[in-house]
Amino acid sequence: MAKISPFCAVRPTRDKVGLVATRAYQFYDQEGRDHRMARNPFSFLHIINPGYKFHKEITGKQRFELVRNRYQEFKEDGIFIKENKPAFYIYKIVDRDQNTFHGIVASASVEDYKNDVIKKHEDTLQDRELLFKDYLETVGFNAEAVLLTYQDDSSIKAILQDVMSTRAEYEFTTTYRDTHYLWPVTDNSTITALQEAFEQLGNLYIADGHHRSSSSALLSEGHPEHQETYHHFMSFLIPESELLIYEFNRLIKDLNGLTKEAFLIALDSHYRIQNRGKLPYRPSKKYHFSMYLDGEYYSLYLRHKLRTFDTPLERLDTQILYETVLKPILGITDLRNDKRIEYIDGRRDIASLTDRVDSKEFVVSFGMLPITIEDLKEIADAGLKMPPKSTYIEPKLRSGVTIYEF
């Protein structure tokens with residue numbers, strides 16, 4: 001029985017929203033950030049990258065305090081306004097490929113997170129949890145929603161369609177050709193109908209934002225129960241059918257001291273290997289992988305008779321690759337921190353893998369199929385955790401469109 005609540009968002013004025021909204025900070029390199037900030041004084045990047053004002057890189061507690069200061073300046077200058085009544089926010093995105101996403105920006109319950117009503121499928125790093133918890137405590141707001149998914153529901157869909165039949169408060173298109181729409185919902189009957197519909201759904205699942213949700217749970221522990229905003233976190237709830245799940249492909253810097261021939265012989269213990277030559281090759285089914293090595297593509301077919309699958313995790317392609325290749329043959333045990341491995345999400349062309357191997361930056365790459373929503377839910381329901389970088393999930397909300405204040 002999931003609980004969602006309306007909240008009074010801080011958000012840009014209608015005329016400024018297209019200028020304020022940005023992708024998440026990590027999506028830009030320094031050159032890209034500086035270019036945008038030099039030309040757009042309203043960009044949310046000015047808040048989350050406050051060192052730009054002083055022409056220096058600022059980190060730690062000092063950066064958090066400057067983020068808070070820049071945020072207050074945006075409010076003082078009238079760039080941001082605060083909703084005067086708690087609301088849900090219906091958010092629609094049409095991307096450059098004409099994929100359409102419809103969701104609800106709401107506050108989710110930390111209690112639901114702790115009680116496993118909101119299910120997780122990915123491990124988190126304690127250092128990152130504590131860092132983001134301290135960030136939230138200092139700046140006093142959160143601008144990036146946790147992406148939650150729920151089983152498709154006809155009653156929720158009907159409510160969203162009814163709201164979206166009216167004029168949107170926001171409609172703006174980004175330089176990446178994504179068009180964004182937002183409808184604040186303050187009508188009490190509509191809010192109640194949405195809350196009751198979610199109470200009937202059962203579990204919600206974290207699609208993206210495990211560190212954000214765990215940091216919010218840590219933040220709530222240091223605050224009394226009456227400080228209600230600290231016991232919730234901003235979320236974007238989207239039906240399962242609209243999620244786009246991409247794979248993360250693997251790039252490896254060396255063969256762990258093995259020659260090419262010795263490496264292929266080691267792989268043969270677990271896989272039926274076929275040399276595909278120079279033509280690009282992608283896997284076509286579960287338990288199949290592609291490999292690019294020394295200018296040639298290979299298909300790797302798992303030898304099923306050598307393995308038993310007792311848990312959903314053991315059936316997961318990213319776990320299989322880790323247990324049969326990355327760990328035992330290539331000596332990569334820490335998938336998060338080992339500098340010998342990098343990841344490229346599956347939205348990119350296969351040439352992005354081959355180019356980095358051909359350039360000698362990496363020695364070998366592995367490609368796989370995306371994990372399904374059924375895989376994700378099965379892992380979460382079993383209380384298991386996927387290997388890091390198992391999924392790249394869209395949509396991605398823009399930062400600075402709705403802000404959750406503590």
# chains A, B, ... in the order shown; residues from 1 in each chain; ligands from 1
>>> closest_atom_pairs(of="range 353-386 of chain A", to="range 145-151 of chain A", cutoff="12 Å", atoms="only C-alpha atoms", output="tab-separated table")
residue	atom	partner	partner_atom	distance
A:Ile373	CA	A:Thr149	CA	9.6
A:Glu374	CA	A:Gln151	CA	11.0
A:Leu376	CA	A:Thr149	CA	10.8
A:Lys377	CA	A:Thr149	CA	10.0
>>> write_last_selection(atoms="C-alpha atoms", output="PDB file, in the first residue's frame")
ATOM      1  CA  ILE A 373      11.308  -4.678 -16.220  1.00  0.00           C
ATOM      2  CA  GLU A 374      10.382  -8.246 -15.243  1.00  0.00           C
ATOM      3  CA  LEU A 376      14.242  -5.753 -12.358  1.00  0.00           C
ATOM      4  CA  LYS A 377      11.093  -6.552 -10.358  1.00  0.00           C
TER       5      LYS A 377
END
>>> residues_around(residues="Asp95 in chain A", least_positions_apart="4", cutoff="8 Å", atoms="only C-alpha atoms", output="ChimeraX atom specification")
/A:99-100,177-179
>>> write_last_selection(atoms="C-alpha atoms", output="PDB file, in the first residue's frame")
ATOM      1  CA  ASN A  99       8.886   8.408 -27.236  1.00  0.00           C
ATOM      2  CA  THR A 100       6.278   9.783 -24.840  1.00  0.00           C
ATOM      3  CA  ARG A 177      14.793  18.387 -28.931  1.00  0.00           C
ATOM      4  CA  ASP A 178      12.890  16.970 -25.960  1.00  0.00           C
ATOM      5  CA  THR A 179       9.602  18.740 -25.248  1.00  0.00           C
TER       6      THR A 179
END
>>> residues_around(residues="range 290-292 of chain A", least_positions_apart="3", cutoff="12 Å", atoms="only C-alpha atoms", output="ChimeraX atom specification")
/A:249-252,260,264,267,271-287,295-302,317,321,325,350-358,362-369
>>> select_by_dssp(residues="range 185-257 of chain A", states="strand (DSSP E or B)", output="number ranges by chain")
A: 185, 204-208, 232-239, 244-246, 248-252
>>> select_by_dssp(residues="range 112-342 of chain A", states="alpha helix (DSSP H)", output="ChimeraX atom specification")
/A:112-114,126-139,154-164,188-199,210-221,260-268,317-321
>>> residues_around(residues="Met164 in chain A", least_positions_apart="6", cutoff="9 Å", atoms="only C-alpha atoms", output="PDB file with N, CA and C atoms, in the first residue's frame")
ATOM      1  N   ILE A  90       1.735  16.773 -12.866  1.00  0.00           N
ATOM      2  CA  ILE A  90       1.711  15.836 -13.986  1.00  0.00           C
ATOM      3  C   ILE A  90       2.766  16.307 -14.990  1.00  0.00           C
ATOM      4  N   LYS A  92       4.896  15.480 -18.527  1.00  0.00           N
ATOM      5  CA  LYS A  92       4.942  14.738 -19.789  1.00  0.00           C
ATOM      6  C   LYS A  92       6.204  15.123 -20.557  1.00  0.00           C
ATOM      7  N   LEU A 182       4.161  20.470 -18.058  1.00  0.00           N
ATOM      8  CA  LEU A 182       3.873  20.300 -16.635  1.00  0.00           C
ATOM      9  C   LEU A 182       2.509  20.888 -16.303  1.00  0.00           C
ATOM     10  N   TRP A 183       1.721  20.102 -15.538  1.00  0.00           N
ATOM     11  CA  TRP A 183       0.419  20.551 -15.045  1.00  0.00           C
ATOM     12  C   TRP A 183       0.398  20.436 -13.523  1.00  0.00           C
TER      13      TRP A 183
END
>>> closest_residue(among="A:Leu201, A:Leu130, A:Ile191, A:Ile371", to="Tyr246 in chain A", atoms="only C-alpha atoms")
A:Ile371
>>> atom_distance(atom1="CA of Glu169 in chain A", atom2="CA of Arg14 in chain A")
7.0 Å
>>> closest_residue(among="A:Asn115, A:Thr13, A:Gln200, A:Gln72", to="Glu171 in chain A", atoms="only C-alpha atoms")
A:Thr13
>>> residues_around(residues="Ile4 in chain A", least_positions_apart="2", cutoff="10 Å", atoms="only C-alpha atoms", output="list in words")
Met1, Ala2, Pro6, Phe7, Phe88, Ile104, Val105, Ala106, Ser107, Ala108, Ser109, Asp112, Ile191, Leu194, Gln195, Glu196, Phe198, Glu199, His232, Phe233, Met234, Ser235 and Leu237 of chain A
>>> closest_residue(among="A:Tyr205, A:Tyr404, A:Tyr392, A:Tyr322", to="Ile379 in chain A", atoms="only C-alpha atoms")
A:Tyr205
>>> closest_residue(among="A:Glu31, A:Asp152, A:Glu247, A:Asp127", to="His211 in chain A", atoms="only C-alpha atoms")
A:Asp127
>>> closest_residue(among="A:Pro50, A:Asn40, A:Thr391, A:Ala382", to="Thr22 in chain A", atoms="only C-alpha atoms")
A:Asn40
>>> residues_around(residues="Ala266 in chain A", least_positions_apart="3", cutoff="12 Å", atoms="only C-alpha atoms", output="PyMOL selection string")
chain A and resi 255-256+258-263+269-273+324-326+328-330
>>> residues_around(residues="Phe44 in chain A", least_positions_apart="6", cutoff="9 Å", atoms="only C-alpha atoms", output="list in words")
Leu19, Val20, Ala21, Thr22, Met37, Tyr71, Ser399 and Gly400 of chain A
>>> atom_distance(atom1="CA of Phe101 in chain A", atom2="CA of Thr174 in chain A")
15.7 Å
>>> atom_distance(atom1="CA of Glu228 in chain A", atom2="CA of Glu144 in chain A")
18.9 Å
